[in-house]
Amino acid sequence: MNTVTEINLLGLGLGLLLLLIPLFVLYKCRTGLVHSTLSATARMIVQLWLIGLYLQYLFAYDVWWVNLIWGIIMTFVATGTAIQRTRLNPKMLGFPMFVAFLISAILITLYFIGLVQMEQSVFTARYFIPIFGLLLGNMLGVNVLALSTYFEGIRREQQMYRYLLGNGATLWEATLPFLRQAIVKAFNPCIANMAVMGLVAMPGTMIGQILGGSDPSTAIKYQIIIVVITFVASMISLMVTIVIAQHRCFDAMGRLKQIAVN
Amino acid sequence: MLQISNLSINYDGKSIVNDLSFLVRRGELVCLQGKSGCGKTSILNCIMGFTPYTGSITMDGKLLNESTVDELRRLVAYVPQELALPQQTVREMVYLPYQLKANRHSQPSEDTVFEEWKRLNLDASLMDMSASAISGGQRQRIMLSVAGLLGKSLMLVDEPTSALDSDNVQLVLDYFRFLAASRNMAILVASHHQEIIRGCDMVVRIEGTMNHKTRESHEYGD
């Protein structure tokens, strides 16, 4: 089955033509989103084209340390995006997030390539870069939602937080209810998605593999493992961020530093 | 049990409390009295290490600082003003502090809780009710009973009667006196309720930043 149907420029153009439908709706409903949709589409095309060119060189060159540096650069960008979206203080949370993203992405990527795929060279660009990027993308979404919920919860429910501390809780015990809320909010969609995968939603990795010419049974195995590793990497990254953040964002009296949240 | 010496609190350069000193002994009921916004809650927050201050706070002879704060908080049972916990049921509310490592050893049986509730005119049927279905007054009395059962040596209570009618205020006062006398607890209550003020062993009156006076409404000795 390993044949890929190439999309030529005409096909790509015809595909993009479909955007006229949502653009028409956005225009008619006076949403003010027409310009931003066009701009976002243009940015997407240019960015993906550039990254495609870059990846071609990266795959051809395929040196482990270049791949690793590329991974670190992606982690920087992911950390910056997460900080921007959560509106958390970069000085306080930039480092914990960066460390958490990097550690969990590297660990799980290497586990996947080395132990699951059983590849000899774990830093092979063709596997390392896409898996690393996939994990970062998922970690980003989960961490943004979880950290916003966590810090917002502590800030909003100061009375509850202080009630626990004032009755003998350790910092970990006093923050645990907020961590619980954050985990539930961030991971509930992942769990719900897993439950309906293949029935309601056709997963992206599987579709991509099938369109790329893989056998469905291979695509399914990849899909299962991809779901598992994104779930695990997101959980590890969140826990590492929280553990480091607790040391940096709370003072010795258990007070959330004002500068922790913008 | 609790010694406050030369306590001053400032917020954004503005003095809230200035040079306040007082002592709360075990078995004593002491009231922090003053108008709303005078700094009563801030003083309680300082005692628990939540609010920065100058001066010194000692509990059982130990100075409150960064290295002792966890240990000293374990001596305290704290009831904030009109606390609304996000717990779903009254049972979860009651047993929440007993999930903490510091309090697990003192988890009371349901019968013990109900015995305590009788002192505060609370019915046992409340235990299985939804937390949102009980009144503010019931909630306040439940939280007081929880603090009373924690078996701590110091109890800090912020406006315990804000949602209570006068009959229940008397019940709460009697409960404080019972805890102080029978369980040898030191109790510091922030309140502007006259019945509570009259019933305390000592009143610390907070009358603005430059003028703090203490008044002993009962004989106050060693």
# chains A, B, ... in the order shown; residues from 1 in each chain; ligands from 1
call {"tool": "residues_around", "arguments": {"residues": "Gly204 in chain A", "least_positions_apart": "4", "cutoff": "9 Å", "atoms": "only C-alpha atoms", "output": "number ranges by chain"}}
result
A: 208-209, 223
call {"tool": "interface_residues", "arguments": {"of": "chain A", "to": "chain B", "cutoff": "8 Å", "atoms": "only C-alpha atoms", "output": "ChimeraX atom specification"}}
result
/A:159-160,162-170,173,252-255
call {"tool": "select_by_dssp", "arguments": {"residues": "range 13-253 of chain A", "states": "alpha helix (DSSP H)", "output": "PyMOL selection string"}}
result
chain A and resi 13-17+20-28+34-61+64-86+90-111+125-156+158-166+171-196+204-211+216-249
call {"tool": "residues_around", "arguments": {"residues": "range 15-30 of chain B", "least_positions_apart": "5", "cutoff": "8 Å", "atoms": "only C-alpha atoms", "output": "PDB file with all heavy atoms, in the first residue's frame"}}
result
ATOM      1  N   MET B   1       0.339  31.099  75.602  1.00  0.00           N
ATOM      2  CA  MET B   1       0.181  30.364  74.337  1.00  0.00           C
ATOM      3  C   MET B   1       0.523  31.241  73.118  1.00  0.00           C
ATOM      4  O   MET B   1       1.306  30.871  72.273  1.00  0.00           O
ATOM      5  CB  MET B   1      -1.271  29.884  74.244  1.00  0.00           C
ATOM      6  CG  MET B   1      -1.634  29.243  72.931  1.00  0.00           C
ATOM      7  SD  MET B   1      -0.765  27.717  72.710  1.00  0.00           S
ATOM      8  CE  MET B   1      -0.369  27.782  70.985  1.00  0.00           C
ATOM      9  N   LEU B   2      -0.105  32.437  73.088  1.00  0.00           N
ATOM     10  CA  LEU B   2       0.133  33.358  71.968  1.00  0.00           C
ATOM     11  C   LEU B   2       0.579  34.719  72.494  1.00  0.00           C
ATOM     12  O   LEU B   2      -0.118  35.326  73.313  1.00  0.00           O
ATOM     13  CB  LEU B   2      -1.159  33.529  71.147  1.00  0.00           C
ATOM     14  CG  LEU B   2      -1.129  34.569  70.032  1.00  0.00           C
ATOM     15  CD1 LEU B   2      -0.206  34.150  68.903  1.00  0.00           C
ATOM     16  CD2 LEU B   2      -2.545  34.802  69.483  1.00  0.00           C
ATOM     17  N   GLN B   3       1.738  35.135  72.057  1.00  0.00           N
ATOM     18  CA  GLN B   3       2.270  36.423  72.502  1.00  0.00           C
ATOM     19  C   GLN B   3       2.508  37.312  71.282  1.00  0.00           C
ATOM     20  O   GLN B   3       3.251  36.942  70.372  1.00  0.00           O
ATOM     21  CB  GLN B   3       3.601  36.186  73.231  1.00  0.00           C
ATOM     22  CG  GLN B   3       4.384  37.445  73.547  1.00  0.00           C
ATOM     23  CD  GLN B   3       4.074  37.989  74.927  1.00  0.00           C
ATOM     24  OE1 GLN B   3       4.236  37.271  75.920  1.00  0.00           O
ATOM     25  NE2 GLN B   3       3.617  39.216  75.006  1.00  0.00           N
ATOM     26  N   ILE B   4       1.813  38.436  71.267  1.00  0.00           N
ATOM     27  CA  ILE B   4       1.998  39.408  70.190  1.00  0.00           C
ATOM     28  C   ILE B   4       2.765  40.588  70.774  1.00  0.00           C
ATOM     29  O   ILE B   4       2.335  41.161  71.775  1.00  0.00           O
ATOM     30  CB  ILE B   4       0.625  39.926  69.673  1.00  0.00           C
ATOM     31  CG1 ILE B   4      -0.326  38.780  69.314  1.00  0.00           C
ATOM     32  CG2 ILE B   4       0.791  40.925  68.540  1.00  0.00           C
ATOM     33  CD1 ILE B   4      -0.037  38.077  68.051  1.00  0.00           C
ATOM     34  N   SER B   5       3.874  40.932  70.170  1.00  0.00           N
ATOM     35  CA  SER B   5       4.674  42.041  70.708  1.00  0.00           C
ATOM     36  C   SER B   5       4.991  43.065  69.625  1.00  0.00           C
ATOM     37  O   SER B   5       5.583  42.723  68.592  1.00  0.00           O
ATOM     38  CB  SER B   5       6.002  41.508  71.278  1.00  0.00           C
ATOM     39  OG  SER B   5       5.754  40.522  72.240  1.00  0.00           O
ATOM     40  N   ASN B   6       4.587  44.292  69.898  1.00  0.00           N
ATOM     41  CA  ASN B   6       4.904  45.440  69.019  1.00  0.00           C
ATOM     42  C   ASN B   6       4.550  45.181  67.550  1.00  0.00           C
ATOM     43  O   ASN B   6       5.323  45.507  66.647  1.00  0.00           O
ATOM     44  CB  ASN B   6       6.400  45.793  69.132  1.00  0.00           C
ATOM     45  CG  ASN B   6       6.834  45.955  70.564  1.00  0.00           C
ATOM     46  OD1 ASN B   6       7.599  45.122  71.083  1.00  0.00           O
ATOM     47  ND2 ASN B   6       6.315  46.970  71.221  1.00  0.00           N
ATOM     48  N   LEU B   7       3.380  44.605  67.357  1.00  0.00           N
ATOM     49  CA  LEU B   7       2.958  44.252  65.987  1.00  0.00           C
ATOM     50  C   LEU B   7       2.506  45.494  65.218  1.00  0.00           C
ATOM     51  O   LEU B   7       1.669  46.263  65.692  1.00  0.00           O
ATOM     52  CB  LEU B   7       1.797  43.250  66.046  1.00  0.00           C
ATOM     53  CG  LEU B   7       1.306  42.744  64.700  1.00  0.00           C
ATOM     54  CD1 LEU B   7       2.121  41.541  64.249  1.00  0.00           C
ATOM     55  CD2 LEU B   7      -0.163  42.349  64.776  1.00  0.00           C
ATOM     56  N   SER B   8       3.089  45.675  64.056  1.00  0.00           N
ATOM     57  CA  SER B   8       2.646  46.751  63.153  1.00  0.00           C
ATOM     58  C   SER B   8       2.419  46.172  61.769  1.00  0.00           C
ATOM     59  O   SER B   8       3.177  45.310  61.322  1.00  0.00           O
ATOM     60  CB  SER B   8       3.705  47.851  63.064  1.00  0.00           C
ATOM     61  OG  SER B   8       3.862  48.462  64.327  1.00  0.00           O
ATOM     62  N   ILE B   9       1.348  46.644  61.131  1.00  0.00           N
ATOM     63  CA  ILE B   9       1.029  46.155  59.784  1.00  0.00           C
ATOM     64  C   ILE B   9       0.887  47.350  58.856  1.00  0.00           C
ATOM     65  O   ILE B   9       0.200  48.321  59.190  1.00  0.00           O
ATOM     66  CB  ILE B   9      -0.295  45.353  59.779  1.00  0.00           C
ATOM     67  CG1 ILE B   9      -0.273  44.251  60.850  1.00  0.00           C
ATOM     68  CG2 ILE B   9      -0.545  44.749  58.405  1.00  0.00           C
ATOM     69  CD1 ILE B   9      -1.636  43.609  61.098  1.00  0.00           C
ATOM     70  N   ASN B  10       1.540  47.266  57.733  1.00  0.00           N
ATOM     71  CA  ASN B  10       1.436  48.332  56.726  1.00  0.00           C
ATOM     72  C   ASN B  10       1.030  47.743  55.391  1.00  0.00           C
ATOM     73  O   ASN B  10       1.508  46.672  55.026  1.00  0.00           O
ATOM     74  CB  ASN B  10       2.803  49.019  56.547  1.00  0.00           C
ATOM     75  CG  ASN B  10       3.186  49.786  57.790  1.00  0.00           C
ATOM     76  OD1 ASN B  10       2.603  50.807  58.094  1.00  0.00           O
ATOM     77  ND2 ASN B  10       4.149  49.269  58.527  1.00  0.00           N
ATOM     78  N   CYS B  38     -10.662  47.833  60.448  1.00  0.00           N
ATOM     79  CA  CYS B  38      -9.674  48.386  61.373  1.00  0.00           C
ATOM     80  C   CYS B  38      -8.421  47.515  61.477  1.00  0.00           C
ATOM     81  O   CYS B  38      -7.423  47.925  62.060  1.00  0.00           O
ATOM     82  CB  CYS B  38     -10.283  48.595  62.754  1.00  0.00           C
ATOM     83  SG  CYS B  38     -10.603  47.049  63.596  1.00  0.00           S
ATOM     84  N   GLY B  39      -8.482  46.323  60.926  1.00  0.00           N
ATOM     85  CA  GLY B  39      -7.272  45.488  60.925  1.00  0.00           C
ATOM     86  C   GLY B  39      -7.388  44.184  61.715  1.00  0.00           C
ATOM     87  O   GLY B  39      -6.398  43.492  61.903  1.00  0.00           O
ATOM     88  N   GLY B  55       7.504  43.419  64.224  1.00  0.00           N
ATOM     89  CA  GLY B  55       7.217  43.004  65.586  1.00  0.00           C
ATOM     90  C   GLY B  55       7.429  41.510  65.693  1.00  0.00           C
ATOM     91  O   GLY B  55       8.046  40.909  64.807  1.00  0.00           O
ATOM     92  N   SER B 153      -4.259  23.729  70.264  1.00  0.00           N
ATOM     93  CA  SER B 153      -4.158  24.521  71.493  1.00  0.00           C
ATOM     94  C   SER B 153      -4.557  25.979  71.273  1.00  0.00           C
ATOM     95  O   SER B 153      -4.845  26.687  72.229  1.00  0.00           O
ATOM     96  CB  SER B 153      -2.746  24.435  72.070  1.00  0.00           C
ATOM     97  OG  SER B 153      -1.788  24.470  71.063  1.00  0.00           O
ATOM     98  N   LEU B 154      -4.587  26.427  70.027  1.00  0.00           N
ATOM     99  CA  LEU B 154      -4.994  27.812  69.751  1.00  0.00           C
ATOM    100  C   LEU B 154      -6.056  27.833  68.655  1.00  0.00           C
ATOM    101  O   LEU B 154      -5.924  27.176  67.632  1.00  0.00           O
ATOM    102  CB  LEU B 154      -3.772  28.625  69.276  1.00  0.00           C
ATOM    103  CG  LEU B 154      -4.034  30.058  68.808  1.00  0.00           C
ATOM    104  CD1 LEU B 154      -4.551  30.926  69.944  1.00  0.00           C
ATOM    105  CD2 LEU B 154      -2.753  30.672  68.223  1.00  0.00           C
ATOM    106  N   PHE B 176     -17.456  28.631  72.984  1.00  0.00           N
ATOM    107  CA  PHE B 176     -16.077  29.119  73.178  1.00  0.00           C
ATOM    108  C   PHE B 176     -15.643  28.924  74.631  1.00  0.00           C
ATOM    109  O   PHE B 176     -14.531  28.489  74.907  1.00  0.00           O
ATOM    110  CB  PHE B 176     -15.968  30.609  72.812  1.00  0.00           C
ATOM    111  CG  PHE B 176     -16.001  30.893  71.333  1.00  0.00           C
ATOM    112  CD1 PHE B 176     -16.529  32.085  70.851  1.00  0.00           C
ATOM    113  CD2 PHE B 176     -15.497  29.986  70.428  1.00  0.00           C
ATOM    114  CE1 PHE B 176     -16.559  32.361  69.489  1.00  0.00           C
ATOM    115  CE2 PHE B 176     -15.522  30.250  69.054  1.00  0.00           C
ATOM    116  CZ  PHE B 176     -16.058  31.439  68.592  1.00  0.00           C
ATOM    117  N   ARG B 177     -16.540  29.272  75.531  1.00  0.00           N
ATOM    118  CA  ARG B 177     -16.191  29.169  76.952  1.00  0.00           C
ATOM    119  C   ARG B 177     -15.973  27.698  77.330  1.00  0.00           C
ATOM    120  O   ARG B 177     -15.088  27.362  78.110  1.00  0.00           O
ATOM    121  CB  ARG B 177     -17.284  29.792  77.830  1.00  0.00           C
ATOM    122  CG  ARG B 177     -17.550  31.254  77.505  1.00  0.00           C
ATOM    123  CD  ARG B 177     -17.934  32.057  78.716  1.00  0.00           C
ATOM    124  NE  ARG B 177     -16.871  32.084  79.693  1.00  0.00           N
ATOM    125  CZ  ARG B 177     -15.847  32.949  79.654  1.00  0.00           C
ATOM    126  NH1 ARG B 177     -15.778  33.862  78.725  1.00  0.00           N
ATOM    127  NH2 ARG B 177     -14.905  32.896  80.563  1.00  0.00           N
ATOM    128  N   LEU B 179     -14.875  25.343  75.253  1.00  0.00           N
ATOM    129  CA  LEU B 179     -13.580  24.920  74.675  1.00  0.00           C
ATOM    130  C   LEU B 179     -12.418  25.436  75.525  1.00  0.00           C
ATOM    131  O   LEU B 179     -11.443  24.716  75.757  1.00  0.00           O
ATOM    132  CB  LEU B 179     -13.430  25.448  73.247  1.00  0.00           C
ATOM    133  CG  LEU B 179     -14.356  24.868  72.181  1.00  0.00           C
ATOM    134  CD1 LEU B 179     -14.133  25.573  70.833  1.00  0.00           C
ATOM    135  CD2 LEU B 179     -14.131  23.369  72.009  1.00  0.00           C
ATOM    136  N   ALA B 180     -12.541  26.679  75.979  1.00  0.00           N
ATOM    137  CA  ALA B 180     -11.464  27.264  76.777  1.00  0.00           C
ATOM    138  C   ALA B 180     -11.336  26.548  78.129  1.00  0.00           C
ATOM    139  O   ALA B 180     -10.232  26.200  78.555  1.00  0.00           O
ATOM    140  CB  ALA B 180     -11.733  28.758  76.983  1.00  0.00           C
ATOM    141  N   ALA B 181     -12.489  26.304  78.751  1.00  0.00           N
ATOM    142  CA  ALA B 181     -12.460  25.716  80.096  1.00  0.00           C
ATOM    143  C   ALA B 181     -12.164  24.218  80.059  1.00  0.00           C
ATOM    144  O   ALA B 181     -11.300  23.732  80.795  1.00  0.00           O
ATOM    145  CB  ALA B 181     -13.804  25.978  80.783  1.00  0.00           C
ATOM    146  N   ARG B 183     -11.251  22.178  77.332  1.00  0.00           N
ATOM    147  CA  ARG B 183     -10.168  21.663  76.467  1.00  0.00           C
ATOM    148  C   ARG B 183      -8.918  22.526  76.552  1.00  0.00           C
ATOM    149  O   ARG B 183      -7.970  22.328  75.784  1.00  0.00           O
ATOM    150  CB  ARG B 183     -10.653  21.550  75.018  1.00  0.00           C
ATOM    151  CG  ARG B 183     -11.766  20.529  74.889  1.00  0.00           C
ATOM    152  CD  ARG B 183     -12.221  20.285  73.482  1.00  0.00           C
ATOM    153  NE  ARG B 183     -13.437  19.488  73.510  1.00  0.00           N
ATOM    154  CZ  ARG B 183     -14.334  19.446  72.551  1.00  0.00           C
ATOM    155  NH1 ARG B 183     -14.159  20.164  71.458  1.00  0.00           N
ATOM    156  NH2 ARG B 183     -15.406  18.688  72.655  1.00  0.00           N
ATOM    157  N   ASN B 184      -8.965  23.473  77.459  1.00  0.00           N
ATOM    158  CA  ASN B 184      -7.793  24.316  77.732  1.00  0.00           C
ATOM    159  C   ASN B 184      -7.254  25.011  76.471  1.00  0.00           C
ATOM    160  O   ASN B 184      -6.050  25.152  76.289  1.00  0.00           O
ATOM    161  CB  ASN B 184      -6.686  23.460  78.377  1.00  0.00           C
ATOM    162  CG  ASN B 184      -5.714  24.316  79.152  1.00  0.00           C
ATOM    163  OD1 ASN B 184      -6.071  25.405  79.618  1.00  0.00           O
ATOM    164  ND2 ASN B 184      -4.494  23.854  79.282  1.00  0.00           N
ATOM    165  N   MET B 185      -8.177  25.403  75.606  1.00  0.00           N
ATOM    166  CA  MET B 185      -7.751  26.071  74.372  1.00  0.00           C
ATOM    167  C   MET B 185      -7.597  27.570  74.604  1.00  0.00           C
ATOM    168  O   MET B 185      -8.318  28.157  75.410  1.00  0.00           O
ATOM    169  CB  MET B 185      -8.801  25.878  73.259  1.00  0.00           C
ATOM    170  CG  MET B 185      -8.839  24.503  72.669  1.00  0.00           C
ATOM    171  SD  MET B 185     -10.185  24.357  71.478  1.00  0.00           S
ATOM    172  CE  MET B 185      -9.320  24.792  69.978  1.00  0.00           C
ATOM    173  N   ALA B 186      -6.664  28.161  73.898  1.00  0.00           N
ATOM    174  CA  ALA B 186      -6.580  29.623  73.845  1.00  0.00           C
ATOM    175  C   ALA B 186      -7.386  30.043  72.629  1.00  0.00           C
ATOM    176  O   ALA B 186      -7.183  29.510  71.542  1.00  0.00           O
ATOM    177  CB  ALA B 186      -5.130  30.050  73.688  1.00  0.00           C
ATOM    178  N   ILE B 187      -8.324  30.966  72.827  1.00  0.00           N
ATOM    179  CA  ILE B 187      -9.203  31.349  71.711  1.00  0.00           C
ATOM    180  C   ILE B 187      -9.111  32.852  71.460  1.00  0.00           C
ATOM    181  O   ILE B 187      -9.301  33.649  72.378  1.00  0.00           O
ATOM    182  CB  ILE B 187     -10.660  30.935  71.989  1.00  0.00           C
ATOM    183  CG1 ILE B 187     -10.731  29.435  72.290  1.00  0.00           C
ATOM    184  CG2 ILE B 187     -11.562  31.286  70.804  1.00  0.00           C
ATOM    185  CD1 ILE B 187     -12.101  28.951  72.710  1.00  0.00           C
ATOM    186  N   LEU B 188      -8.800  33.203  70.239  1.00  0.00           N
ATOM    187  CA  LEU B 188      -8.759  34.611  69.841  1.00  0.00           C
ATOM    188  C   LEU B 188      -9.826  34.835  68.775  1.00  0.00           C
ATOM    189  O   LEU B 188      -9.785  34.233  67.713  1.00  0.00           O
ATOM    190  CB  LEU B 188      -7.368  34.964  69.286  1.00  0.00           C
ATOM    191  CG  LEU B 188      -7.176  36.406  68.826  1.00  0.00           C
ATOM    192  CD1 LEU B 188      -7.364  37.394  69.972  1.00  0.00           C
ATOM    193  CD2 LEU B 188      -5.781  36.587  68.211  1.00  0.00           C
ATOM    194  N   VAL B 189     -10.788  35.683  69.116  1.00  0.00           N
ATOM    195  CA  VAL B 189     -11.929  35.914  68.224  1.00  0.00           C
ATOM    196  C   VAL B 189     -11.913  37.364  67.739  1.00  0.00           C
ATOM    197  O   VAL B 189     -11.811  38.287  68.556  1.00  0.00           O
ATOM    198  CB  VAL B 189     -13.263  35.683  68.977  1.00  0.00           C
ATOM    199  CG1 VAL B 189     -14.436  35.797  68.022  1.00  0.00           C
ATOM    200  CG2 VAL B 189     -13.281  34.350  69.666  1.00  0.00           C
ATOM    201  N   CYS B 200     -16.035  37.811  76.792  1.00  0.00           N
ATOM    202  CA  CYS B 200     -14.631  37.387  76.694  1.00  0.00           C
ATOM    203  C   CYS B 200     -13.849  37.696  77.964  1.00  0.00           C
ATOM    204  O   CYS B 200     -14.218  38.575  78.745  1.00  0.00           O
ATOM    205  CB  CYS B 200     -13.967  38.089  75.512  1.00  0.00           C
ATOM    206  SG  CYS B 200     -14.462  37.375  73.951  1.00  0.00           S
ATOM    207  N   ASP B 201     -12.755  36.985  78.170  1.00  0.00           N
ATOM    208  CA  ASP B 201     -11.889  37.239  79.322  1.00  0.00           C
ATOM    209  C   ASP B 201     -11.136  38.548  79.144  1.00  0.00           C
ATOM    210  O   ASP B 201     -10.822  39.220  80.112  1.00  0.00           O
ATOM    211  CB  ASP B 201     -10.870  36.093  79.464  1.00  0.00           C
ATOM    212  CG  ASP B 201     -11.566  34.778  79.734  1.00  0.00           C
ATOM    213  OD1 ASP B 201     -12.465  34.755  80.589  1.00  0.00           O
ATOM    214  OD2 ASP B 201     -11.230  33.779  79.069  1.00  0.00           O
ATOM    215  N   MET B 202     -10.793  38.848  77.917  1.00  0.00           N
ATOM    216  CA  MET B 202     -10.056  40.074  77.646  1.00  0.00           C
ATOM    217  C   MET B 202     -10.457  40.608  76.273  1.00  0.00           C
ATOM    218  O   MET B 202     -10.750  39.823  75.385  1.00  0.00           O
ATOM    219  CB  MET B 202      -8.554  39.811  77.667  1.00  0.00           C
ATOM    220  CG  MET B 202      -7.722  41.064  77.499  1.00  0.00           C
ATOM    221  SD  MET B 202      -5.965  40.768  77.654  1.00  0.00           S
ATOM    222  CE  MET B 202      -5.571  40.087  76.082  1.00  0.00           C
ATOM    223  N   VAL B 203     -10.471  41.903  76.170  1.00  0.00           N
ATOM    224  CA  VAL B 203     -10.798  42.514  74.878  1.00  0.00           C
ATOM    225  C   VAL B 203      -9.607  43.368  74.435  1.00  0.00           C
ATOM    226  O   VAL B 203      -9.095  44.166  75.212  1.00  0.00           O
ATOM    227  CB  VAL B 203     -12.067  43.390  74.971  1.00  0.00           C
ATOM    228  CG1 VAL B 203     -12.333  44.089  73.639  1.00  0.00           C
ATOM    229  CG2 VAL B 203     -13.255  42.557  75.385  1.00  0.00           C
ATOM    230  N   VAL B 204      -9.169  43.152  73.230  1.00  0.00           N
ATOM    231  CA  VAL B 204      -8.121  43.998  72.652  1.00  0.00           C
ATOM    232  C   VAL B 204      -8.834  44.933  71.694  1.00  0.00           C
ATOM    233  O   VAL B 204      -9.355  44.495  70.664  1.00  0.00           O
ATOM    234  CB  VAL B 204      -7.071  43.148  71.908  1.00  0.00           C
ATOM    235  CG1 VAL B 204      -6.008  44.054  71.282  1.00  0.00           C
ATOM    236  CG2 VAL B 204      -6.440  42.140  72.841  1.00  0.00           C
ATOM    237  N   GLY B 208      -7.883  52.442  65.535  1.00  0.00           N
ATOM    238  CA  GLY B 208      -7.050  53.270  64.660  1.00  0.00           C
ATOM    239  C   GLY B 208      -5.592  52.993  64.915  1.00  0.00           C
ATOM    240  O   GLY B 208      -5.220  52.391  65.902  1.00  0.00           O
ATOM    241  N   THR B 209      -4.769  53.488  64.013  1.00  0.00           N
ATOM    242  CA  THR B 209      -3.369  53.068  63.996  1.00  0.00           C
ATOM    243  C   THR B 209      -2.552  53.582  65.178  1.00  0.00           C
ATOM    244  O   THR B 209      -1.546  52.987  65.539  1.00  0.00           O
ATOM    245  CB  THR B 209      -2.697  53.552  62.708  1.00  0.00           C
ATOM    246  OG1 THR B 209      -2.882  54.962  62.626  1.00  0.00           O
ATOM    247  CG2 THR B 209      -3.314  52.890  61.495  1.00  0.00           C
ATOM    248  N   MET B 210      -2.945  54.671  65.756  1.00  0.00           N
ATOM    249  CA  MET B 210      -2.103  55.253  66.802  1.00  0.00           C
ATOM    250  C   MET B 210      -2.618  54.951  68.200  1.00  0.00           C
ATOM    251  O   MET B 210      -2.052  55.370  69.174  1.00  0.00           O
ATOM    252  CB  MET B 210      -2.021  56.785  66.621  1.00  0.00           C
ATOM    253  CG  MET B 210      -1.406  57.220  65.296  1.00  0.00           C
ATOM    254  SD  MET B 210       0.188  56.452  64.981  1.00  0.00           S
ATOM    255  CE  MET B 210       1.182  57.247  66.248  1.00  0.00           C
ATOM    256  N   ASN B 211      -3.729  54.265  68.314  1.00  0.00           N
ATOM    257  CA  ASN B 211      -4.322  54.152  69.635  1.00  0.00           C
ATOM    258  C   ASN B 211      -4.887  52.759  69.880  1.00  0.00           C
ATOM    259  O   ASN B 211      -6.047  52.500  69.608  1.00  0.00           O
ATOM    260  CB  ASN B 211      -5.421  55.227  69.756  1.00  0.00           C
ATOM    261  CG  ASN B 211      -6.017  55.248  71.143  1.00  0.00           C
ATOM    262  OD1 ASN B 211      -5.421  54.739  72.083  1.00  0.00           O
ATOM    263  ND2 ASN B 211      -7.189  55.837  71.252  1.00  0.00           N
ATOM    264  N   HIS B 212      -4.078  51.888  70.387  1.00  0.00           N
ATOM    265  CA  HIS B 212      -4.544  50.553  70.709  1.00  0.00           C
ATOM    266  C   HIS B 212      -4.608  50.414  72.214  1.00  0.00           C
ATOM    267  O   HIS B 212      -3.640  50.690  72.910  1.00  0.00           O
ATOM    268  CB  HIS B 212      -3.593  49.497  70.164  1.00  0.00           C
ATOM    269  CG  HIS B 212      -3.558  49.493  68.689  1.00  0.00           C
ATOM    270  ND1 HIS B 212      -4.621  49.134  67.930  1.00  0.00           N
ATOM    271  CD2 HIS B 212      -2.566  49.858  67.836  1.00  0.00           C
ATOM    272  CE1 HIS B 212      -4.293  49.253  66.662  1.00  0.00           C
ATOM    273  NE2 HIS B 212      -3.058  49.695  66.589  1.00  0.00           N
ATOM    274  N   THR B 214      -5.995  47.884  75.533  1.00  0.00           N
ATOM    275  CA  THR B 214      -6.542  46.598  75.930  1.00  0.00           C
ATOM    276  C   THR B 214      -7.402  46.814  77.170  1.00  0.00           C
ATOM    277  O   THR B 214      -7.132  47.676  77.992  1.00  0.00           O
ATOM    278  CB  THR B 214      -5.455  45.578  76.255  1.00  0.00           C
ATOM    279  OG1 THR B 214      -4.679  46.071  77.339  1.00  0.00           O
ATOM    280  CG2 THR B 214      -4.583  45.320  75.062  1.00  0.00           C
TER     281      THR B 214
END
call {"tool": "select_by_dssp", "arguments": {"residues": "range 37-83 of chain B", "states": "strand (DSSP E)", "output": "mmCIF file with N, CA and C atoms, in the first residue's frame"}}
result
data_model
loop_
_atom_site.group_PDB
_atom_site.id
_atom_site.type_symbol
_atom_site.label_atom_id
_atom_site.label_comp_id
_atom_site.auth_asym_id
_atom_site.auth_seq_id
_atom_site.Cartn_x
_atom_site.Cartn_y
_atom_site.Cartn_z
ATOM 1 N N THR B 54 5.714 43.819 61.127
ATOM 2 C CA THR B 54 6.926 43.989 61.944
ATOM 3 C C THR B 54 6.523 43.727 63.378
ATOM 4 N N GLY B 55 7.504 43.419 64.224
ATOM 5 C CA GLY B 55 7.217 43.004 65.586
ATOM 6 C C GLY B 55 7.429 41.510 65.693
ATOM 7 N N SER B 56 6.909 40.918 66.771
ATOM 8 C CA SER B 56 7.111 39.472 66.890
ATOM 9 C C SER B 56 5.839 38.764 67.341
ATOM 10 N N ILE B 57 5.704 37.543 66.858
ATOM 11 C CA ILE B 57 4.578 36.682 67.233
ATOM 12 C C ILE B 57 5.180 35.369 67.709
ATOM 13 N N THR B 58 4.839 34.964 68.912
ATOM 14 C CA THR B 58 5.329 33.667 69.396
ATOM 15 C C THR B 58 4.142 32.807 69.815
ATOM 16 N N MET B 59 4.282 31.517 69.556
ATOM 17 C CA MET B 59 3.271 30.545 69.996
ATOM 18 C C MET B 59 3.999 29.456 70.759
ATOM 19 N N LYS B 62 7.635 29.741 70.787
ATOM 20 C CA LYS B 62 8.408 29.688 69.533
ATOM 21 C C LYS B 62 8.063 30.872 68.648
ATOM 22 N N LEU B 63 9.092 31.546 68.184
ATOM 23 C CA LEU B 63 8.917 32.716 67.340
ATOM 24 C C LEU B 63 8.431 32.300 65.952
ATOM 25 N N VAL B 76 -2.670 25.428 65.367
ATOM 26 C CA VAL B 76 -3.807 26.351 65.214
ATOM 27 C C VAL B 76 -5.010 25.677 64.548
ATOM 28 N N ALA B 77 -6.187 26.045 65.058
ATOM 29 C CA ALA B 77 -7.431 25.750 64.334
ATOM 30 C C ALA B 77 -7.973 27.110 63.886
ATOM 31 N N TYR B 78 -8.241 27.234 62.617
ATOM 32 C CA TYR B 78 -8.577 28.545 62.056
ATOM 33 C C TYR B 78 -9.949 28.509 61.382
ATOM 34 N N VAL B 79 -10.776 29.488 61.734
ATOM 35 C CA VAL B 79 -12.100 29.587 61.100
ATOM 36 C C VAL B 79 -12.232 30.974 60.453
#
call {"tool": "residues_around", "arguments": {"residues": "range 53-68 of chain A", "least_positions_apart": "5", "cutoff": "7 Å", "atoms": "only C-alpha atoms", "output": "PyMOL selection string"}}
result
chain A and resi 123-126+129
